[in-house]
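Step one of this worksheet: look at the structure below.
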There are 4 protein chains.
Amino acid sequence: MIDYRSDNTGRAAPEILDAMVRANSGTALGYGADEWTASLQERFSDLFETKVRVFPVATGTAANALALAASSPSWGLVYCSEAAHINTSEANAAGFFGSGLKLVPVGGNHGRIDPDAFARTWASVMPGQLHRGQPAAVNLTQASDLGAVYRLDEIRAITEIAKRRGLKIHMDGARFANALARLGCSPAELTWRSGIDILSFGATKNGALAAEVVVVFDKKRSEEFAFRRKRAGHLFSKMRFLSAQLGAYLEGELWLKNARHANAMAKRLAEGLMAVPGATLAHPVEANEIFVDLPETAIRGLTADGFQFYRWLGEDKTLLRLVAAHDTKEADVAAFIASAKRHAARANERVA
Amino acid sequence: MIDYRSDNTGRAAPEILDAMVRANSGTALGYGADEWTASLQERFSDLFETKVRVFPVATGTAANALALAASSPSWGLVYCSEAAHINTSEANAAGFFGSGLKLVPVGGNHGRIDPDAFARTWASVMPGQLHRGQPAAVNLTQASDLGAVYRLDEIRAITEIAKRRGLKIHMDGARFANALARLGCSPAELTWRSGIDILSFGATKNGALAAEVVVVFDKKRSEEFAFRRKRAGHLFSKMRFLSAQLGAYLEGELWLKNARHANAMAKRLAEGLMAVPGATLAHPVEANEIFVDLPETAIRGLTADGFQFYRWLGEDKTLLRLVAAHDTKEADVAAFIASAKRHAARANERVA
Amino acid sequence: MIDYRSDNTGRAAPEILDAMVRANSGTALGYGADEWTASLQERFSDLFETKVRVFPVATGTAANALALAASSPSWGLVYCSEAAHINTSEANAAGFFGSGLKLVPVGGNHGRIDPDAFARTWASVMPGQLHRGQPAAVNLTQASDLGAVYRLDEIRAITEIAKRRGLKIHMDGARFANALARLGCSPAELTWRSGIDILSFGATKNGALAAEVVVVFDKKRSEEFAFRRKRAGHLFSKMRFLSAQLGAYLEGELWLKNARHANAMAKRLAEGLMAVPGATLAHPVEANEIFVDLPETAIRGLTADGFQFYRWLGEDKTLLRLVAAHDTKEADVAAFIASAKRHAARANERVA
Amino acid sequence: MIDYRSDNTGRAAPEILDAMVRANSGTALGYGADEWTASLQERFSDLFETKVRVFPVATGTAANALALAASSPSWGLVYCSEAAHINTSEANAAGFFGSGLKLVPVGGNHGRIDPDAFARTWASVMPGQLHRGQPAAVNLTQASDLGAVYRLDEIRAITEIAKRRGLKIHMDGARFANALARLGCSPAELTWRSGIDILSFGATKNGALAAEVVVVFDKKRSEEFAFRRKRAGHLFSKMRFLSAQLGAYLEGELWLKNARHANAMAKRLAEGLMAVPGATLAHPVEANEIFVDLPETAIRGLTADGFQFYRWLGEDKTLLRLVAAHDTKEADVAAFIASAKRHAARANERVA
């Protein structure tokens, strides 16, 4: 059964499960005072070529909501894409953690904020405006929720405007590995060297069981972050089982290897589907997600053949989301393409 | 100096100030256990032809935010107009009081939600959706922030859809009196008989010093409202000075008298300005606000003549907001129109 | 009818009501951009002999909760007296405004924190402790809720410990004038020169209708306070009517004159009651409140004679709270004492 | 190295880790729409002999804070033991999740609320009291944080008073298994049949990696709980790895087997230590925790011998907390006792 429904339906990477099993060999202090967690501080600092503080948590919503609340006061406005995960898929978590902070969607395409639209939004903000709320932060989803990736110059165009006005920049990197694999730049370039202050570094969608890290580049805020996480119930007592996942994720660049594979499978799938008559891509395929419109007959045929996927906009719509994973097999991709072609062709025969 | 800047720049009605002075003649129990506050329960129940509970507060933001938090859980979505006061002018108060509740702008014109746009928004809501948040309430601003008034059938079209889905309906009646004066219906028809569950009944913009009432039509929620207000610091110890304002506001229909006058002055002003070459109305003038685009020379001339008003969209824009009040004088309206005409005419001469 | 029930049952000072009436003579910009509010910044800076920022609000609960939330993060611990108003009488407002901040009662007597008890509490706090919450602030009620007044050296003993640990100090000065009248020191000595960072400066209990001021001595926090107040619905649109009360309150030292009178009446009443057989004071009478235990027959007699007051601990208890006000009359005090004596004496006759 | 520091320093039970590995064999829908999670609903309903809704989360703080927020409004008071975990060890999480709800410590011993003290607390609550906050819920820690266990009649004495006043009852069962093992009653008797409305059912301290379940006995509140958890970032995307832990925990009564063993080891350890001269128990040993005062020389000797444990009240105090776990070995217990005896005896020799 081939499953393209979501990054979250897939298997965990065996290397990560193994690390959890190994972490169970002895006793260790709780709440992060263990060697697994301690080593993460250094490993992430190495990875990002600067001293960072990292805070493992178990869900992407926790990572994002904690990071945003650390970046905006209760009366703050956080600019984001209309399609941003924090705006569409986290059930007010940002507002809850931020005691009322407000998300302000900004125009753009493919799930990204457009730098010009962001500049225009700013032009209407009066300095010291009290009644509308205080501009506080920007959220960038990298890769975006619609499968696109910000280029470095796009990120910098936004962060430059934002920094001039004192805004903090949060990157939602639930698919950070996929974006990095696409861009080929360094983690430092994609983050603090481009103006990012705080990062949700995701692992769950790319092979972990339940592990994300908030990477804090700004020392001042990192001091309070430990309290912030604890008071939200997101500090694990047996932290080593969370940190062990992340250690294995970094080990031997597993995270990049997994992401490169998922991206490659998505690209292959997209290219193959372009040969299906009537197929069109709704968004560029730059990470591991494909948004493709297929003929209804092809969709039904694929379902009948046992492939699993979601129609993106409801049961009567023909736009599909297909998500490739770290363990998606080439043969399965080929089978999916072949099935889509076959069913689309039959439909044409019937029409003819 | 003639001042059209805001409902809030004007004088309080003398009847209301007098009532405060009279309330100071003796001692009275604090926190609402006084005769002024007690009588409000009955007077508002009479006014609305049903048993209501009323909670005086001092600001419109308090009234709205308390009412919305009483209508939506922390994970709730509150639908409103893009131009709604709660969305543009209350600095995240709804989110703060509602522990993260989220405002969802819905399309429409002149500051109102369009029933069809609301229906379309609903069509995309999946029952039991967890990730996006739970649809919880609708906010209607009556009169709207752009000077328009919902007709009863428009309100009912929205509340019918909303009620079917279990949503609560909040009416922001900061200018309730103006809307009622325009429509000529009864307070009951404009509220609970049209599906409204909770109302912010404003007095400050229409002659009070600082007095609003939350009118709760739903008994169940009224029990907790006293706690909700207290814990937000909005319960006055010397409540009689707040309640006395409201008593005077209702007395002899002062509230409607004031609103009728303000509406009439706005109408007269709008009609007069239509004779100014180049003048256009951006929104229908149905309450006490006028949004009018005037030639730049007319605007500068009016300013030079000492009239006070705001440019609505920034210092380089020619759209003005003019707000008529309970004590706006006919002669002042005439003078404003005359000034605008004179300056516009001179500009034309120069051009010619 | 003589009324000792509460500071809040009394009349407003006529000077203050008059100032509100005068403030209604013309139009003025809303939300604090008026001359009355502007002048307060200077007047309070003069009064406190340092540049302060002041934020008028309408209730003591608002002043306290906003000040505490500005002094402690969501995960912070705020130390206070068990009898502190924020702990007993504000229905979780501190926790609500502070998104969960927690009050930690510290031992002491007469509604005050005892410096030694505070030091002992601290001895058990481990640096960097994560699980219990982060020590953040101290709240001192001056005068205390039980009628006592901190001496300057007591305040300084507490603030010295607290400052060394980075805590912020909030003074709840709902009866600041009464405390100052008692101590005879300067406002500066009682506040920032003794380590106070932020002050709720009360006027409502001492003659205003509804007016308190948050005085912020710490510039950094004052920048955000405007947003904090607005987003809690505590920014008045017709602010001049709030600020005018405070202007009149300061004018000609009305505030001190009122407080001195109330204190003197309380002292006279307490001294007189000490001549009643069986009467004992539960707390020292250092401000305008008296906590006196009287014989049951005296209490019933006083009630029968029409005096109004509260039994402090429930209907079957003989501890009374008597509150003297700015307009309490000497003759009324004398009448109360005489009535108490007469009824207590009769009881003794019956016994004899 | 023998480690008695905490339930959280120990190894996970191999059965539970194995179940996680097995859960990784295929793909499954995310966010709880998987077979592991589905089966928990039925298994817990069977276990509690009534239809319950269960919500797995990863930390005890999350379970407690979510449960309390579901049991009390923002203005609510939650009664608990001074030593309750929610009061001492969760860094304001209850207040944060509950938007300001307030914990009110009630007297008792060994970490339990005393029914009489609770009754006395209630006697001072005035019905409808507004200023102090609204009594809303009771929290019982079972087993207590000091190693004691409530008997059924003690629980019922408290819940009877509480129910009469409309309070909700939350049981913090981080060590529910240990309490049940001690009492020998059924899960139903210990919970809903004794008046419990909502339960934090712990597994992490008793062999899981990171898994707790909120068991909701009250249908009405269970509908909103899914939103409450999601919006707090506590809904796992790959939920099966959380649910699989809980399935294995229930399988073959592993949970009770583990708890019985830990309790037995604690009992054995306590009994053995009673033979050490100078040793005294601070609390009854009814679950898996021992609070024992030992001579300083014994403590130093044990540390020198490599045993790991905490001094409970700071580095200069001789009260130890020793926590027995599901995998504590009899031989290790014996070794600990022997070491303590040996070092205590040597001290006596030196003295003699």
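Each chain of the structure tokens is named A, B, ... in the order shown, its residues numbered from 1; ligands are numbered from 1 in display order.
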### Task
Please identify every residue of chain A that has at least one atom no more than 9 Å from any atom of chain B, counting only C-alpha atoms, and report them as a PyMOL selection string.
chain A and resi 74-77+87-103+124+126+130-134+313-314
### Message
List the spatial neighbours of D:Leu254 as a PyMOL selection string - criterion: any atom at most 10 Å away, only C-alpha atoms, same-chain residues fewer than 3 positions off excluded.
### Response
chain D and resi 13+15-16+206-207+247-251+257-260+326
Those residues with N, CA, C and O atoms, as a compact mmCIF listing (two decimals), in the first residue's frame please?
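Result file follows (selection.txt):
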# COMPACT_ATOMS: atom_id res chain seq x y z
N ALA D 13 10.40 0.44 30.27
CA ALA D 13 10.15 -1.00 30.24
C ALA D 13 10.36 -1.52 28.83
O ALA D 13 9.89 -0.92 27.87
N GLU D 15 9.05 -3.89 27.21
CA GLU D 15 7.80 -4.18 26.49
C GLU D 15 7.28 -2.93 25.77
O GLU D 15 6.64 -3.02 24.71
N ILE D 16 7.52 -1.79 26.40
CA ILE D 16 6.98 -0.54 25.83
C ILE D 16 7.81 -0.09 24.64
O ILE D 16 7.27 0.30 23.60
N ASN D 206 6.30 5.10 35.36
CA ASN D 206 6.15 3.68 35.65
C ASN D 206 6.51 2.81 34.45
O ASN D 206 5.95 1.73 34.27
N GLY D 207 7.43 3.31 33.59
CA GLY D 207 7.94 2.45 32.53
C GLY D 207 7.80 2.94 31.12
O GLY D 207 8.44 2.42 30.21
N GLY D 247 -0.72 1.27 24.89
CA GLY D 247 -1.26 -0.07 24.67
C GLY D 247 -0.41 -1.12 25.37
O GLY D 247 -0.93 -2.00 26.08
N ALA D 248 0.90 -1.00 25.20
CA ALA D 248 1.80 -1.96 25.85
C ALA D 248 1.75 -1.85 27.37
O ALA D 248 1.93 -2.84 28.09
N TYR D 249 1.50 -0.64 27.82
CA TYR D 249 1.45 -0.39 29.26
C TYR D 249 0.27 -1.14 29.90
O TYR D 249 0.37 -1.69 30.99
N LEU D 250 -0.84 -1.17 29.15
CA LEU D 250 -2.03 -1.87 29.67
C LEU D 250 -1.94 -3.38 29.43
O LEU D 250 -2.52 -4.17 30.19
N GLU D 251 -1.24 -3.77 28.37
CA GLU D 251 -1.19 -5.17 27.94
C GLU D 251 -0.73 -6.09 29.07
O GLU D 251 0.34 -5.88 29.66
N LYS D 257 1.76 -4.62 37.28
CA LYS D 257 2.93 -5.45 37.62
C LYS D 257 4.11 -4.55 37.98
O LYS D 257 4.77 -4.74 39.02
N ASN D 258 4.36 -3.56 37.13
CA ASN D 258 5.46 -2.63 37.39
C ASN D 258 5.27 -1.89 38.71
O ASN D 258 6.20 -1.73 39.50
N ALA D 259 4.06 -1.43 38.93
CA ALA D 259 3.80 -0.64 40.14
C ALA D 259 3.92 -1.50 41.39
O ALA D 259 4.46 -1.07 42.42
N ARG D 260 3.42 -2.72 41.31
CA ARG D 260 3.52 -3.60 42.48
C ARG D 260 4.97 -3.85 42.84
O ARG D 260 5.35 -3.84 44.01
N HIS D 326 10.17 0.37 38.54
CA HIS D 326 9.68 -0.93 38.06
C HIS D 326 10.79 -1.94 37.90
O HIS D 326 10.54 -3.13 37.89
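Contact shell of C:Lys168 at 8 Å (only C-alpha atoms; same-chain neighbours under 5 positions omitted): C:Ser71, C:Ser72, C:Ala136, C:Ala137, C:Val138, C:Ala162, C:Lys163, C:Ile196, C:Asp197.
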### Task
Find the residues near D:Gln245: any atom within 8 Å, counting only C-alpha atoms, skip ones fewer than 5 places away on the same chain, and give them as a list in words.
Ile16, Leu17, Ala19, Met20, Ala208, Leu209 and Ala211 of chain D
### Message
At a cut-off of 9 Å, using only C-alpha atoms, what residues contact stretch 26-34 of chain A? Leave out same-chain residues fewer than 5 positions from it and give the result as JSON, numbers by chain.
### Response
{"A": [39, 235, 236, 237, 238, 239, 240, 243], "D": [1, 2, 3, 5, 6, 7, 8, 9, 10, 11]}
### Task
Pull the alpha helix (DSSP H) assignments for stretch 179-230 of chain C out of DSSP run on the backbone, and list those residues as a list of chain:residue names.
C:Ala179, C:Leu180, C:Ala181, C:Arg182, C:Leu183, C:Pro187, C:Ala188, C:Glu189, C:Leu190, C:Lys219, C:Lys220, C:Arg221, C:Ser222, C:Glu223, C:Glu224, C:Phe225, C:Ala226, C:Phe227, C:Arg228, C:Arg229, C:Lys230
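In this structure, atom CA of C:Ala325 sits 24.6 Å away from atom CA of C:His343.
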### Task
List every residue of stretch 102-341 of chain C that DSSP, applied to the backbone, labels as strand (DSSP E), and write the result as a ChimeraX atom specification.
/C:102-106,134-141,168-173,198-202,212-216,280-281,289-293,310-311,319-323
Restricting it to C-alpha atoms, dump the selection as a PDB file, in the first residue's frame.
ATOM      1  CA  LYS C 102       1.422  33.061  40.355  1.00  0.00           C
ATOM      2  CA  LEU C 103       1.020  34.806  43.693  1.00  0.00           C
ATOM      3  CA  VAL C 104       3.071  33.415  46.553  1.00  0.00           C
ATOM      4  CA  PRO C 105       1.913  34.550  50.002  1.00  0.00           C
ATOM      5  CA  VAL C 106       4.678  35.435  52.457  1.00  0.00           C
ATOM      6  CA  GLN C 134      10.765  31.947  38.353  1.00  0.00           C
ATOM      7  CA  PRO C 135      10.826  34.471  41.195  1.00  0.00           C
ATOM      8  CA  ALA C 136       9.890  37.715  39.487  1.00  0.00           C
ATOM      9  CA  ALA C 137       8.352  40.382  41.662  1.00  0.00           C
ATOM     10  CA  VAL C 138       7.228  41.565  45.075  1.00  0.00           C
ATOM     11  CA  ASN C 139       3.960  43.312  45.855  1.00  0.00           C
ATOM     12  CA  LEU C 140       3.729  45.669  48.827  1.00  0.00           C
ATOM     13  CA  THR C 141       0.353  47.119  49.814  1.00  0.00           C
ATOM     14  CA  LYS C 168      10.790  43.955  40.429  1.00  0.00           C
ATOM     15  CA  ILE C 169       8.901  45.763  43.175  1.00  0.00           C
ATOM     16  CA  HIS C 170       5.291  46.815  42.794  1.00  0.00           C
ATOM     17  CA  MET C 171       3.591  48.989  45.358  1.00  0.00           C
ATOM     18  CA  ASP C 172      -0.187  48.761  45.541  1.00  0.00           C
ATOM     19  CA  GLY C 173      -0.928  52.292  46.647  1.00  0.00           C
ATOM     20  CA  ILE C 198       6.079  50.600  39.622  1.00  0.00           C
ATOM     21  CA  LEU C 199       3.240  52.073  41.666  1.00  0.00           C
ATOM     22  CA  SER C 200      -0.532  51.857  41.615  1.00  0.00           C
ATOM     23  CA  PHE C 201      -1.358  55.353  42.797  1.00  0.00           C
ATOM     24  CA  GLY C 202      -4.950  55.307  43.982  1.00  0.00           C
ATOM     25  CA  GLU C 212      -6.078  55.441  39.468  1.00  0.00           C
ATOM     26  CA  VAL C 213      -2.679  55.987  37.953  1.00  0.00           C
ATOM     27  CA  VAL C 214       0.031  53.506  37.216  1.00  0.00           C
ATOM     28  CA  VAL C 215       3.297  55.328  37.824  1.00  0.00           C
ATOM     29  CA  VAL C 216       6.176  53.679  35.992  1.00  0.00           C
ATOM     30  CA  THR C 280      -9.931  45.615  71.219  1.00  0.00           C
ATOM     31  CA  LEU C 281      -8.089  46.596  68.066  1.00  0.00           C
ATOM     32  CA  GLU C 289      -9.181  51.692  58.440  1.00  0.00           C
ATOM     33  CA  ILE C 290     -10.058  50.370  61.861  1.00  0.00           C
ATOM     34  CA  PHE C 291     -10.404  46.696  62.671  1.00  0.00           C
ATOM     35  CA  VAL C 292     -12.046  46.578  66.061  1.00  0.00           C
ATOM     36  CA  ASP C 293     -13.628  43.799  68.025  1.00  0.00           C
ATOM     37  CA  TYR C 310     -19.298  45.449  57.966  1.00  0.00           C
ATOM     38  CA  ARG C 311     -18.535  42.516  60.167  1.00  0.00           C
ATOM     39  CA  LEU C 319     -14.706  41.957  64.389  1.00  0.00           C
ATOM     40  CA  LEU C 320     -15.757  45.101  62.546  1.00  0.00           C
ATOM     41  CA  ARG C 321     -14.086  46.997  59.785  1.00  0.00           C
ATOM     42  CA  LEU C 322     -14.733  50.722  59.955  1.00  0.00           C
ATOM     43  CA  VAL C 323     -13.452  52.898  57.158  1.00  0.00           C
TER      44      VAL C 323
END
### Message
Which residues are near stretch 111-122 of chain C? Cut-off 8 Å, only C-alpha atoms, ignore same chain within fewer than 6 positions. Put them as a ChimeraX atom specification.
### Response
/C:80-84,140-141,144-150,154,157-158,161
Take the residues from that selection and write them out as a short mmCIF file (atom, residue, chain, number, x, y, z; two decimals), in the first residue's frame, keeping all heavy atoms.
data_model
loop_
_atom_site.label_atom_id
_atom_site.label_comp_id
_atom_site.auth_asym_id
_atom_site.auth_seq_id
_atom_site.Cartn_x
_atom_site.Cartn_y
_atom_site.Cartn_z
N CYS C 80 3.70 38.21 47.90
CA CYS C 80 2.81 39.22 48.46
C CYS C 80 2.36 38.78 49.85
O CYS C 80 2.59 37.64 50.26
CB CYS C 80 1.59 39.41 47.56
SG CYS C 80 0.53 37.96 47.43
N SER C 81 1.73 39.69 50.55
CA SER C 81 1.13 39.33 51.83
C SER C 81 -0.10 38.45 51.59
O SER C 81 -0.81 38.61 50.60
CB SER C 81 0.71 40.60 52.58
OG SER C 81 -0.22 40.28 53.60
N GLU C 82 -0.33 37.54 52.51
CA GLU C 82 -1.55 36.72 52.44
C GLU C 82 -2.79 37.60 52.33
O GLU C 82 -3.75 37.26 51.63
CB GLU C 82 -1.64 35.86 53.72
CG GLU C 82 -2.85 34.98 53.84
CD GLU C 82 -2.84 33.80 52.88
OE1 GLU C 82 -1.79 33.15 52.75
OE2 GLU C 82 -3.88 33.55 52.24
N ALA C 83 -2.79 38.73 53.01
CA ALA C 83 -3.96 39.62 53.04
C ALA C 83 -3.96 40.65 51.92
O ALA C 83 -4.83 41.51 51.86
CB ALA C 83 -4.02 40.35 54.38
N ALA C 84 -2.99 40.56 51.02
CA ALA C 84 -2.90 41.58 49.96
C ALA C 84 -4.15 41.59 49.09
O ALA C 84 -4.72 40.54 48.80
CB ALA C 84 -1.67 41.31 49.08
N LEU C 140 3.91 45.09 47.49
CA LEU C 140 3.73 45.67 48.83
C LEU C 140 2.47 46.54 48.81
O LEU C 140 2.34 47.41 47.94
CB LEU C 140 4.94 46.53 49.19
CG LEU C 140 6.30 45.84 49.17
CD1 LEU C 140 7.41 46.86 49.41
CD2 LEU C 140 6.36 44.74 50.23
N THR C 141 1.57 46.33 49.75
CA THR C 141 0.35 47.12 49.81
C THR C 141 0.55 48.21 50.85
O THR C 141 0.78 47.93 52.03
CB THR C 141 -0.83 46.22 50.21
OG1 THR C 141 -0.83 45.08 49.36
CG2 THR C 141 -2.14 46.95 50.04
N SER C 144 -1.50 48.95 54.12
CA SER C 144 -1.92 47.56 53.95
C SER C 144 -3.44 47.44 54.00
O SER C 144 -4.15 48.36 54.41
CB SER C 144 -1.30 46.70 55.04
OG SER C 144 -2.16 46.62 56.17
N ASP C 145 -3.92 46.28 53.58
CA ASP C 145 -5.37 46.04 53.58
C ASP C 145 -5.94 45.90 54.97
O ASP C 145 -7.15 45.80 55.14
CB ASP C 145 -5.68 44.80 52.75
CG ASP C 145 -5.46 45.07 51.29
OD1 ASP C 145 -6.39 45.54 50.64
OD2 ASP C 145 -4.32 44.87 50.80
N LEU C 146 -5.06 45.86 55.96
CA LEU C 146 -5.54 45.76 57.33
C LEU C 146 -5.21 47.03 58.12
O LEU C 146 -5.16 47.02 59.35
CB LEU C 146 -4.96 44.51 58.00
CG LEU C 146 -5.34 43.20 57.30
CD1 LEU C 146 -4.63 42.00 57.93
CD2 LEU C 146 -6.85 42.98 57.33
N GLY C 147 -5.00 48.10 57.39
CA GLY C 147 -4.90 49.41 58.04
C GLY C 147 -3.53 49.78 58.58
O GLY C 147 -3.38 50.80 59.24
N ALA C 148 -2.52 48.94 58.29
CA ALA C 148 -1.18 49.24 58.80
C ALA C 148 -0.35 49.89 57.70
O ALA C 148 -0.70 49.84 56.52
CB ALA C 148 -0.50 47.97 59.29
N VAL C 149 0.76 50.47 58.10
CA VAL C 149 1.63 51.18 57.16
C VAL C 149 3.05 50.65 57.31
O VAL C 149 3.55 50.48 58.43
CB VAL C 149 1.57 52.70 57.42
CG1 VAL C 149 2.66 53.45 56.65
CG2 VAL C 149 0.19 53.24 57.05
N TYR C 150 3.68 50.31 56.18
CA TYR C 150 5.11 49.94 56.20
C TYR C 150 5.94 51.17 56.55
O TYR C 150 5.73 52.25 55.96
CB TYR C 150 5.57 49.49 54.82
CG TYR C 150 5.16 48.13 54.36
CD1 TYR C 150 4.04 47.94 53.56
CD2 TYR C 150 5.91 47.01 54.69
CE1 TYR C 150 3.67 46.68 53.10
CE2 TYR C 150 5.56 45.74 54.23
CZ TYR C 150 4.43 45.59 53.44
OH TYR C 150 4.08 44.34 52.98
N GLU C 154 11.37 49.19 56.75
CA GLU C 154 10.80 47.87 56.44
C GLU C 154 10.74 47.65 54.93
O GLU C 154 11.04 46.56 54.43
CB GLU C 154 9.40 47.75 57.05
CG GLU C 154 9.41 47.70 58.57
CD GLU C 154 8.01 47.85 59.17
OE1 GLU C 154 7.20 48.64 58.65
OE2 GLU C 154 7.75 47.17 60.18
N ALA C 157 14.25 47.02 53.67
CA ALA C 157 14.76 45.68 54.02
C ALA C 157 14.28 44.65 53.00
O ALA C 157 15.02 43.75 52.60
CB ALA C 157 14.31 45.30 55.43
N ILE C 158 13.04 44.80 52.58
CA ILE C 158 12.49 43.86 51.60
C ILE C 158 13.04 44.12 50.20
O ILE C 158 13.47 43.21 49.50
CB ILE C 158 10.95 43.95 51.59
CG1 ILE C 158 10.40 43.42 52.92
CG2 ILE C 158 10.36 43.15 50.43
CD1 ILE C 158 8.95 43.78 53.18
N ILE C 161 16.71 42.83 49.58
CA ILE C 161 16.80 41.40 49.27
C ILE C 161 16.33 41.14 47.85
O ILE C 161 16.95 40.45 47.06
CB ILE C 161 15.92 40.57 50.24
CG1 ILE C 161 16.35 40.78 51.69
CG2 ILE C 161 15.96 39.09 49.88
CD1 ILE C 161 15.36 40.20 52.70
#
